[in-house]
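Below: structure_9.pdb (PDB, C-alpha atoms, pLDDT in the B column)
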ATOM      1  CA  MET D 137      10.782  12.372 -95.560  1.00 54.00           C
ATOM      2  CA  SER D 138      14.250  13.913 -95.871  1.00 65.00           C
ATOM      3  CA  GLY D 139      17.187  12.593 -93.897  1.00 71.00           C
ATOM      4  CA  TRP D 140      17.637  15.731 -91.819  1.00 78.00           C
ATOM      5  CA  ILE D 141      13.956  15.968 -90.928  1.00 83.00           C
ATOM      6  CA  TYR D 142      14.115  12.373 -89.738  1.00 80.00           C
ATOM      7  CA  THR D 143      17.270  13.140 -87.727  1.00 83.00           C
ATOM      8  CA  ARG D 144      15.533  16.090 -86.088  1.00 85.00           C
ATOM      9  CA  TYR D 145      12.578  13.873 -85.217  1.00 81.00           C
ATOM     10  CA  GLU D 146      14.904  11.259 -83.722  1.00 82.00           C
ATOM     11  CA  LEU D 147      16.672  13.834 -81.563  1.00 84.00           C
ATOM     12  CA  LEU D 148      13.423  15.308 -80.269  1.00 83.00           C
ATOM     13  CA  ARG D 149      12.015  11.875 -79.500  1.00 80.00           C
ATOM     14  CA  ALA D 150      15.172  10.763 -77.692  1.00 78.00           C
ATOM     15  CA  PHE D 151      15.409  13.870 -75.513  1.00 77.00           C
ATOM     16  CA  ARG D 152      11.738  13.615 -74.564  1.00 78.00           C
ATOM     17  CA  ALA D 153      12.061  10.019 -73.341  1.00 73.00           C
ATOM     18  CA  ARG D 154      12.018  10.332 -69.543  1.00 72.00           C
ATOM     19  CA  ARG D 155      12.862   6.686 -68.929  1.00 69.00           C
ATOM     20  CA  PHE D 156      15.955   6.991 -71.097  1.00 68.00           C
ATOM     21  CA  PHE D 157      17.152  10.044 -69.202  1.00 68.00           C
ATOM     22  CA  ILE D 158      16.691   8.330 -65.856  1.00 71.00           C
ATOM     23  CA  PHE D 159      18.464   5.081 -66.666  1.00 70.00           C
ATOM     24  CA  SER D 160      20.965   6.002 -69.385  1.00 72.00           C
ATOM     25  CA  LEU D 161      21.909   9.546 -68.383  1.00 77.00           C
ATOM     26  CA  GLY D 162      20.930   9.897 -64.739  1.00 83.00           C
ATOM     27  CA  PHE D 163      22.241   6.567 -63.464  1.00 85.00           C
ATOM     28  CA  PRO D 164      25.973   7.197 -64.155  1.00 89.00           C
ATOM     29  CA  VAL D 165      25.772  10.623 -62.491  1.00 90.00           C
ATOM     30  CA  VAL D 166      24.000   9.248 -59.422  1.00 90.00           C
ATOM     31  CA  LEU D 167      26.498   6.399 -59.240  1.00 90.00           C
ATOM     32  CA  PHE D 168      29.361   8.890 -59.414  1.00 92.00           C
ATOM     33  CA  PHE D 169      28.041  10.897 -56.473  1.00 94.00           C
ATOM     34  CA  VAL D 170      27.395   7.724 -54.460  1.00 93.00           C
ATOM     35  CA  ILE D 171      30.976   6.505 -54.976  1.00 90.00           C
ATOM     36  CA  ALA D 172      32.945   9.740 -55.106  1.00 90.00           C
ATOM     37  CA  GLY D 173      30.878  11.974 -52.827  1.00 89.00           C
ATOM     38  CA  PRO D 174      31.854  10.358 -49.505  1.00 90.00           C
ATOM     39  CA  ASN D 175      35.475  10.004 -50.716  1.00 86.00           C
ATOM     40  CA  ARG D 176      36.067  13.409 -52.255  1.00 87.00           C
ATOM     41  CA  LYS D 177      39.049  13.992 -49.928  1.00 86.00           C
ATOM     42  CA  VAL D 178      40.941  10.934 -51.217  1.00 84.00           C
ATOM     43  CA  HIS D 179      43.755  12.484 -53.274  1.00 83.00           C
ATOM     44  CA  ASN D 180      45.848   9.390 -53.979  1.00 82.00           C
ATOM     45  CA  PHE D 181      43.422   6.657 -55.001  1.00 78.00           C
ATOM     46  CA  ASP D 182      44.998   3.189 -55.070  1.00 72.00           C
ATOM     47  CA  GLY D 183      48.461   4.708 -55.202  1.00 73.00           C
ATOM     48  CA  LEU D 184      47.842   6.191 -58.667  1.00 70.00           C
ATOM     49  CA  GLY D 185      48.538   9.763 -57.630  1.00 78.00           C
ATOM     50  CA  VAL D 186      45.069  11.017 -58.627  1.00 81.00           C
ATOM     51  CA  SER D 187      42.001  11.877 -56.614  1.00 87.00           C
ATOM     52  CA  LEU D 188      39.176   9.397 -56.326  1.00 88.00           C
ATOM     53  CA  PRO D 189      36.621  11.810 -57.873  1.00 91.00           C
ATOM     54  CA  LEU D 190      38.869  12.237 -60.932  1.00 89.00           C
ATOM     55  CA  TYR D 191      39.413   8.492 -61.301  1.00 86.00           C
ATOM     56  CA  TYR D 192      35.710   7.653 -61.173  1.00 88.00           C
ATOM     57  CA  MET D 193      34.669  10.635 -63.266  1.00 91.00           C
ATOM     58  CA  VAL D 194      36.742   9.381 -66.192  1.00 88.00           C
ATOM     59  CA  SER D 195      35.746   5.762 -65.525  1.00 87.00           C
ATOM     60  CA  LEU D 196      32.042   6.538 -65.464  1.00 89.00           C
ATOM     61  CA  ALA D 197      32.475   8.767 -68.521  1.00 89.00           C
ATOM     62  CA  SER D 198      33.307   5.629 -70.492  1.00 88.00           C
ATOM     63  CA  PHE D 199      30.535   3.657 -68.797  1.00 88.00           C
ATOM     64  CA  GLY D 200      27.878   6.331 -69.270  1.00 89.00           C
ATOM     65  CA  THR D 201      28.684   7.096 -72.888  1.00 91.00           C
ATOM     66  CA  MET D 202      28.895   3.406 -73.779  1.00 91.00           C
ATOM     67  CA  MET D 203      25.471   2.855 -72.216  1.00 89.00           C
ATOM     68  CA  ALA D 204      24.030   5.856 -74.068  1.00 87.00           C
ATOM     69  CA  MET D 205      25.304   4.561 -77.410  1.00 90.00           C
ATOM     70  CA  ILE D 206      24.151   0.968 -77.007  1.00 90.00           C
ATOM     71  CA  SER D 207      20.764   2.084 -75.650  1.00 86.00           C
ATOM     72  CA  SER D 208      19.833   3.190 -79.163  1.00 84.00           C
ATOM     73  CA  GLY D 209      19.047  -0.474 -79.704  1.00 86.00           C
ATOM     74  CA  ALA D 210      16.095  -0.227 -77.319  1.00 83.00           C
ATOM     75  CA  ARG D 211      14.537   2.557 -79.390  1.00 83.00           C
ATOM     76  CA  ILE D 212      15.055   0.587 -82.605  1.00 86.00           C
ATOM     77  CA  ALA D 213      13.514  -2.552 -81.098  1.00 86.00           C
ATOM     78  CA  GLY D 214      10.487  -0.520 -80.039  1.00 84.00           C
ATOM     79  CA  GLU D 215      10.133   0.935 -83.532  1.00 81.00           C
ATOM     80  CA  ARG D 216      10.253  -2.527 -85.048  1.00 82.00           C
ATOM     81  CA  GLN D 217       7.558  -3.827 -82.717  1.00 81.00           C
ATOM     82  CA  ALA D 218       5.312  -0.850 -83.468  1.00 77.00           C
ATOM     83  CA  GLY D 219       5.791  -1.273 -87.225  1.00 77.00           C
ATOM     84  CA  TRP D 220       7.481   2.102 -87.612  1.00 73.00           C
ATOM     85  CA  THR D 221      10.527   0.755 -89.467  1.00 75.00           C
ATOM     86  CA  ARG D 222       8.224  -0.897 -92.008  1.00 74.00           C
ATOM     87  CA  GLN D 223       6.486   2.436 -92.591  1.00 75.00           C
ATOM     88  CA  LEU D 224       9.854   4.123 -93.101  1.00 74.00           C
ATOM     89  CA  ARG D 225      10.672   1.735 -95.927  1.00 73.00           C
ATOM     90  CA  ILE D 226       7.847   3.149 -98.061  1.00 73.00           C
ATOM     91  CA  THR D 227       9.154   6.715 -97.661  1.00 77.00           C
ATOM     92  CA  PRO D 228      11.985   8.293 -99.697  1.00 74.00           C
ATOM     93  CA  LEU D 229      14.281   7.989 -96.641  1.00 75.00           C
ATOM     94  CA  SER D 230      17.514   6.283 -97.722  1.00 82.00           C
ATOM     95  CA  VAL D 231      19.235   3.582 -95.703  1.00 80.00           C
ATOM     96  CA  ARG D 232      22.258   5.846 -95.310  1.00 85.00           C
ATOM     97  CA  ALA D 233      20.091   8.647 -93.891  1.00 84.00           C
ATOM     98  CA  TYR D 234      18.452   6.158 -91.526  1.00 84.00           C
ATOM     99  CA  PHE D 235      21.794   4.996 -90.132  1.00 85.00           C
ATOM    100  CA  ARG D 236      23.123   8.555 -89.964  1.00 88.00           C
ATOM    101  CA  ALA D 237      20.140   9.648 -87.877  1.00 88.00           C
ATOM    102  CA  LYS D 238      20.629   6.746 -85.449  1.00 88.00           C
ATOM    103  CA  VAL D 239      24.346   7.422 -85.050  1.00 91.00           C
ATOM    104  CA  LEU D 240      23.932  11.191 -84.596  1.00 90.00           C
ATOM    105  CA  THR D 241      21.189  10.665 -82.027  1.00 90.00           C
ATOM    106  CA  SER D 242      23.348   8.196 -80.118  1.00 90.00           C
ATOM    107  CA  TYR D 243      26.230  10.655 -80.118  1.00 93.00           C
ATOM    108  CA  ALA D 244      23.960  13.447 -78.888  1.00 91.00           C
ATOM    109  CA  MET D 245      22.945  11.257 -75.956  1.00 89.00           C
ATOM    110  CA  ALA D 246      26.542  10.241 -75.254  1.00 91.00           C
ATOM    111  CA  ILE D 247      27.766  13.844 -75.310  1.00 92.00           C
ATOM    112  CA  THR D 248      24.977  14.821 -72.924  1.00 91.00           C
ATOM    113  CA  SER D 249      26.046  12.037 -70.558  1.00 89.00           C
ATOM    114  CA  LEU D 250      29.666  13.179 -70.834  1.00 92.00           C
ATOM    115  CA  VAL D 251      28.837  16.808 -70.060  1.00 93.00           C
ATOM    116  CA  LEU D 252      26.723  15.826 -67.042  1.00 92.00           C
ATOM    117  CA  LEU D 253      29.579  13.731 -65.637  1.00 93.00           C
ATOM    118  CA  TYR D 254      32.082  16.536 -66.226  1.00 93.00           C
ATOM    119  CA  ILE D 255      29.818  18.935 -64.325  1.00 94.00           C
ATOM    120  CA  ALA D 256      29.456  16.381 -61.531  1.00 94.00           C
ATOM    121  CA  GLY D 257      33.234  15.941 -61.394  1.00 93.00           C
ATOM    122  CA  VAL D 258      33.907  19.672 -61.227  1.00 94.00           C
ATOM    123  CA  SER D 259      31.347  19.974 -58.417  1.00 93.00           C
ATOM    124  CA  LEU D 260      33.494  17.563 -56.365  1.00 92.00           C
ATOM    125  CA  GLY D 261      36.716  19.421 -57.024  1.00 88.00           C
ATOM    126  CA  VAL D 262      38.004  17.853 -60.257  1.00 90.00           C
ATOM    127  CA  SER D 263      40.249  20.311 -62.084  1.00 88.00           C
ATOM    128  CA  LEU D 264      42.129  19.655 -65.330  1.00 88.00           C
ATOM    129  CA  PRO D 265      43.945  21.791 -67.925  1.00 88.00           C
ATOM    130  CA  ALA D 266      41.891  22.613 -71.008  1.00 88.00           C
ATOM    131  CA  HIS D 267      44.019  20.388 -73.250  1.00 86.00           C
ATOM    132  CA  SER D 268      43.349  17.391 -70.973  1.00 86.00           C
ATOM    133  CA  TRP D 269      39.588  17.889 -71.192  1.00 89.00           C
ATOM    134  CA  LEU D 270      39.819  18.161 -74.979  1.00 89.00           C
ATOM    135  CA  ALA D 271      42.124  15.151 -75.400  1.00 87.00           C
ATOM    136  CA  MET D 272      39.950  12.977 -73.197  1.00 89.00           C
ATOM    137  CA  SER D 273      36.718  14.044 -74.888  1.00 91.00           C
ATOM    138  CA  GLY D 274      38.106  13.578 -78.396  1.00 91.00           C
ATOM    139  CA  LEU D 275      39.380  10.072 -77.708  1.00 91.00           C
ATOM    140  CA  ILE D 276      36.113   9.069 -76.049  1.00 92.00           C
ATOM    141  CA  LEU D 277      34.113  10.221 -79.078  1.00 93.00           C
ATOM    142  CA  VAL D 278      36.344   8.172 -81.380  1.00 93.00           C
ATOM    143  CA  GLY D 279      36.182   5.174 -79.044  1.00 93.00           C
ATOM    144  CA  LEU D 280      32.390   5.217 -79.191  1.00 95.00           C
ATOM    145  CA  LEU D 281      32.218   4.412 -82.908  1.00 94.00           C
ATOM    146  CA  PRO D 282      32.006   0.601 -82.456  1.00 95.00           C
ATOM    147  CA  PHE D 283      29.243   1.004 -79.884  1.00 95.00           C
ATOM    148  CA  ALA D 284      27.114   3.067 -82.253  1.00 93.00           C
ATOM    149  CA  ALA D 285      27.182   0.107 -84.627  1.00 93.00           C
ATOM    150  CA  LEU D 286      26.596  -2.361 -81.780  1.00 94.00           C
ATOM    151  CA  GLY D 287      23.463  -0.529 -80.643  1.00 92.00           C
ATOM    152  CA  ILE D 288      22.009  -0.624 -84.160  1.00 91.00           C
ATOM    153  CA  THR D 289      22.878  -4.310 -84.488  1.00 93.00           C
ATOM    154  CA  LEU D 290      21.178  -5.282 -81.232  1.00 93.00           C
ATOM    155  CA  GLY D 291      18.139  -3.169 -82.064  1.00 90.00           C
ATOM    156  CA  HIS D 292      17.581  -5.085 -85.295  1.00 89.00           C
ATOM    157  CA  LEU D 293      18.216  -8.498 -83.789  1.00 89.00           C
ATOM    158  CA  MET D 294      16.503  -8.378 -80.382  1.00 88.00           C
ATOM    159  CA  THR D 295      12.925  -7.973 -79.251  1.00 87.00           C
ATOM    160  CA  VAL D 296      11.634  -5.285 -76.916  1.00 85.00           C
ATOM    161  CA  GLU D 297      11.474  -7.859 -74.115  1.00 86.00           C
ATOM    162  CA  SER D 298      15.064  -9.026 -74.509  1.00 88.00           C
ATOM    163  CA  ILE D 299      16.876  -5.823 -75.464  1.00 87.00           C
ATOM    164  CA  GLY D 300      16.894  -4.350 -71.932  1.00 84.00           C
ATOM    165  CA  PRO D 301      18.598  -7.277 -70.151  1.00 88.00           C
ATOM    166  CA  ILE D 302      20.987  -7.828 -73.046  1.00 89.00           C
ATOM    167  CA  THR D 303      21.995  -4.169 -73.191  1.00 87.00           C
ATOM    168  CA  GLY D 304      22.469  -3.892 -69.432  1.00 85.00           C
ATOM    169  CA  GLY D 305      24.339  -7.170 -69.236  1.00 88.00           C
ATOM    170  CA  THR D 306      26.610  -6.306 -72.155  1.00 89.00           C
ATOM    171  CA  VAL D 307      27.557  -2.885 -70.772  1.00 88.00           C
ATOM    172  CA  SER D 308      28.126  -4.264 -67.259  1.00 87.00           C
ATOM    173  CA  LEU D 309      30.301  -7.136 -68.468  1.00 89.00           C
ATOM    174  CA  LEU D 310      32.372  -4.892 -70.741  1.00 89.00           C
ATOM    175  CA  ALA D 311      32.830  -2.407 -67.900  1.00 87.00           C
ATOM    176  CA  ILE D 312      34.160  -5.095 -65.572  1.00 86.00           C
ATOM    177  CA  VAL D 313      36.523  -6.674 -68.105  1.00 87.00           C
ATOM    178  CA  SER D 314      37.822  -3.289 -69.254  1.00 85.00           C
ATOM    179  CA  GLY D 315      38.746  -1.937 -65.831  1.00 81.00           C
ATOM    180  CA  THR D 316      36.020   0.641 -65.322  1.00 82.00           C
ATOM    181  CA  TRP D 317      35.519  -0.043 -61.622  1.00 80.00           C
ATOM    182  CA  PHE D 318      39.061  -0.907 -60.550  1.00 76.00           C
ATOM    183  CA  PRO D 319      42.512  -0.922 -62.170  1.00 73.00           C
ATOM    184  CA  ILE D 320      43.420  -4.134 -64.009  1.00 73.00           C
ATOM    185  CA  THR D 321      47.181  -4.175 -64.465  1.00 73.00           C
ATOM    186  CA  GLY D 322      47.885  -7.775 -65.444  1.00 74.00           C
ATOM    187  CA  GLY D 323      46.587 -11.288 -65.893  1.00 81.00           C
ATOM    188  CA  PHE D 324      43.962 -12.795 -68.148  1.00 83.00           C
ATOM    189  CA  LEU D 325      41.429  -9.957 -67.803  1.00 81.00           C
ATOM    190  CA  HIS D 326      44.081  -7.413 -68.771  1.00 81.00           C
ATOM    191  CA  ASP D 327      45.069  -9.392 -71.864  1.00 85.00           C
ATOM    192  CA  LEU D 328      41.438  -9.967 -72.835  1.00 87.00           C
ATOM    193  CA  GLY D 329      40.480  -6.342 -72.235  1.00 85.00           C
ATOM    194  CA  GLN D 330      43.100  -5.007 -74.627  1.00 89.00           C
ATOM    195  CA  CYS D 331      41.327  -6.822 -77.464  1.00 93.00           C
ATOM    196  CA  LEU D 332      38.015  -5.079 -76.727  1.00 93.00           C
ATOM    197  CA  PRO D 333      36.933  -1.563 -77.753  1.00 93.00           C
ATOM    198  CA  SER D 334      35.556  -0.953 -74.251  1.00 91.00           C
ATOM    199  CA  TYR D 335      39.081  -1.220 -72.798  1.00 90.00           C
ATOM    200  CA  TRP D 336      40.333   1.536 -75.071  1.00 91.00           C
ATOM    201  CA  LEU D 337      37.266   3.621 -74.334  1.00 90.00           C
ATOM    202  CA  VAL D 338      38.217   3.446 -70.659  1.00 88.00           C
ATOM    203  CA  GLN D 339      41.811   4.319 -71.566  1.00 87.00           C
ATOM    204  CA  ALA D 340      40.514   7.307 -73.527  1.00 86.00           C
ATOM    205  CA  GLY D 341      39.059   8.660 -70.316  1.00 80.00           C
ATOM    206  CA  ARG D 342      42.290   7.952 -68.471  1.00 77.00           C
ATOM    207  CA  ALA D 343      44.179  10.153 -70.944  1.00 75.00           C
ATOM    208  CA  ALA D 344      43.302  12.983 -68.575  1.00 70.00           C
ATOM    209  CA  ILE D 345      45.151  11.138 -65.809  1.00 73.00           C
ATOM    210  CA  THR D 346      48.217   9.832 -67.620  1.00 72.00           C
ATOM    211  CA  GLY D 347      48.544  12.518 -70.267  1.00 69.00           C
ATOM    212  CA  GLN D 348      49.058   9.820 -72.895  1.00 71.00           C
ATOM    213  CA  ALA D 349      46.809   8.914 -75.812  1.00 72.00           C
ATOM    214  CA  TRP D 350      46.362   5.437 -77.262  1.00 84.00           C
ATOM    215  CA  GLY D 351      49.204   3.586 -78.843  1.00 83.00           C
ATOM    216  CA  VAL D 352      48.970   1.926 -82.237  1.00 89.00           C
ATOM    217  CA  ARG D 353      47.211  -1.106 -80.738  1.00 90.00           C
ATOM    218  CA  GLY D 354      44.362   1.030 -79.452  1.00 91.00           C
ATOM    219  CA  TRP D 355      43.697   2.607 -82.830  1.00 94.00           C
ATOM    220  CA  VAL D 356      43.846  -0.784 -84.554  1.00 95.00           C
ATOM    221  CA  VAL D 357      41.397  -2.385 -82.099  1.00 95.00           C
ATOM    222  CA  ILE D 358      38.901   0.487 -82.385  1.00 95.00           C
ATOM    223  CA  ALA D 359      39.149   0.513 -86.184  1.00 96.00           C
ATOM    224  CA  ALA D 360      38.782  -3.265 -86.490  1.00 97.00           C
ATOM    225  CA  TRP D 361      35.743  -3.448 -84.214  1.00 96.00           C
ATOM    226  CA  THR D 362      34.151  -0.454 -85.946  1.00 96.00           C
ATOM    227  CA  VAL D 363      34.458  -2.097 -89.364  1.00 96.00           C
ATOM    228  CA  ALA D 364      33.274  -5.500 -88.107  1.00 96.00           C
ATOM    229  CA  LEU D 365      30.282  -4.181 -86.149  1.00 95.00           C
ATOM    230  CA  THR D 366      29.273  -1.796 -88.942  1.00 93.00           C
ATOM    231  CA  ALA D 367      29.187  -4.732 -91.354  1.00 94.00           C
ATOM    232  CA  LEU D 368      27.180  -6.728 -88.813  1.00 94.00           C
ATOM    233  CA  ALA D 369      24.741  -3.834 -88.367  1.00 91.00           C
ATOM    234  CA  GLY D 370      24.209  -3.762 -92.126  1.00 88.00           C
ATOM    235  CA  LEU D 371      23.541  -7.498 -92.193  1.00 90.00           C
ATOM    236  CA  ALA D 372      21.120  -7.255 -89.260  1.00 89.00           C
ATOM    237  CA  TYR D 373      19.258  -4.399 -90.947  1.00 86.00           C
ATOM    238  CA  ARG D 374      18.953  -6.240 -94.262  1.00 84.00           C
ATOM    239  CA  ARG D 375      17.857  -9.422 -92.517  1.00 82.00           C
ATOM    240  CA  ASP D 376      15.223  -7.546 -90.549  1.00 75.00           C
ATOM    241  CA  THR D 377      13.873  -5.466 -93.437  1.00 72.00           C
ATOM    242  CA  GLY D 378      13.895  -8.492 -95.754  1.00 66.00           C
ATOM    243  CA  ARG D 379      11.197 -10.203 -93.744  1.00 57.00           C
ATOM    244  CA  VAL D 380       7.719 -10.237 -95.183  1.00 45.00           C
TER     245      VAL D 380
END
In C-alpha cells, how does this file's structure come out?
Amino acid sequence: MSGWIYTRYELLRAFRARRFFIFSLGFPVVLFFVIAGPNRKVHNFDGLGVSLPLYYMVSLASFGTMMAMISSGARIAGERQAGWTRQLRITPLSVRAYFRAKVLTSYAMAITSLVLLYIAGVSLGVSLPAHSWLAMSGLILVGLLPFAALGITLGHLMTVESIGPITGGTVSLLAIVSGTWFPITGGFLHDLGQCLPSYWLVQAGRAAITGQAWGVRGWVVIAAWTVALTALAGLAYRRDTGRV
C-alpha cells in the first residue's frame, strides 16, 4: 500500500464517519449559534470594541479545530482495537507515510471545522478584511501542529473506552485555561495559559480582532510543544507496535 493511497483511504473514512461530524464538527457550530445567535446585536462585548458574534467565532474556531485535531486519537484507538494497525505493519507502508496520513487527515477535519464556523459567523453579520481572514487562518493552522501530535499520542496510548472522556476532558480544560470562553487578562490562569499551545491557538484566532500576530514567546511555545509532542508520539507508536 502506497502512502498516498493510504492517505486517500483515511480521508474518505474520516469524512464518512457520521458520529465524528456530529460531535467534532457540528458541536462547535451549534454552540456558536446558541451563544451568539440571541446576542448578535451586541457590538461591544465586554468592553473589547468587537461584536459578540466575532468574539465567539474566533474563540470557537480555536476550540473546534483543536477538537478536530485531537479527535484523530479516537480513530487510531479504534484501529488498534480492531487489529488494523497490526495489519498495516506487514504492508510496505512506511512509518513516515503513516504519520503523514494521520496529520493530513486531522488538518482536513480542522479546516472543515474552520470553514463551517466562518460561514456561521458571516451568517450572523461578522465581516472582516481579507487580510484578517488570511492572517487568522494561517496562525491557527500553525498553532494546530502540537495538537496533531497530541492526537496521535493519545490514540496509541489509550483504549477505545478511555479515549473519548480523555479527549473531551483535555479539550475542555485547555479551552478554559486558555481563555476560549471569556477573556483572561491576569492572574495565575493567564500566566499558566501563556505556557500552553492552546493559549496561542486562541490568540491566533484573536489576530482578527487585534490585528496583531504572536510575539516571539508564542512562536517559541508552539515550536517547543510541537517538538516535545512529536517525540512523544514517536515513543508511543514504537511502544505500541513493539508489543507482541
inquiry  = I'd like the interatomic distance between atom CA of Gly291 of chain D and atom CA of Ala197 of chain D, to a tenth of an Å.
reply    =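 That distance, rounded to one decimal, is 23.1 Å.
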inquiry  = Please expand the PyMOL selection byres ((chain D and resi 331) around 10) into the concrete residues it hits in this file, giving the result as a ChimeraX atom specification.
reply    = /D:314,326-330,332-336,353-354,356-358,361
ask   = Quick one: distance from atom CA of Pro282 of chain D to atom CA of Phe159 of chain D in Å, one decimal?
value =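 Answer for the atom CA of Pro282 of chain D to atom CA of Phe159 of chain D separation: 21.3 Å.
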message = Under the PyMOL selection byres ((chain D and resi 279) around 10), which residues of this model are included? Write them out as a list in words.
response =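 Answer for the PyMOL selection byres ((chain D and resi 279) around 10): Ser198, Thr201, Met202, Ser273, Gly274, Leu275, Ile276, Leu277, Val278, Leu280, Leu281, Pro282, Phe283, Ala284, Pro333, Ser334, Tyr335, Trp336, Leu337, Val338, Gln339, Ala340, Gly341, Gly354, Trp355, Val357, Ile358, Ala359 and Thr362 of chain D.
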request  = Check the smallest atom-to-atom distance from each of D:Leu188, D:Leu252, D:Val170, D:Phe199 to Val313 of chain D using all atoms listed in the file, then report the winner.
outcome  =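 Looking at the shortest contact to Val313 of chain D, the residue is D:Phe199.
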Report, as lines of an AutoDock Vina configuration file, the axis-aligned box around all atoms of segment 287-300 of chain D present in the file, extended by 4 Å on each side; give centre and edge lengths in Å to one decimal place.
center_x = 17.5
center_y = -4.8
center_z = -78.6
size_x = 20.0
size_y = 16.5
size_z = 21.4
message = My list of candidates is D:Ile288, D:Ile255, D:Ala367, D:Val186. Which is closest to Tyr234 of chain D when distances are computed with all atoms listed in the file?
response =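 So, comparing all the options, the nearest one is D:Ile288.
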Top pick for closest residue to Ala218 of chain D, considering D:Ser195, D:Thr295, D:Ser268, D:Ser230 and counting all atoms listed in the file =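 Of all the options, D:Thr295 lies closest to Ala218 of chain D.
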ask   = Pick from D:Gly351, D:Gly305, D:Gly315, D:Gly287: nearest to Thr366 of chain D, with all atoms listed in the file counted?
value =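 For Thr366 of chain D, the nearest of the candidates is D:Gly287.
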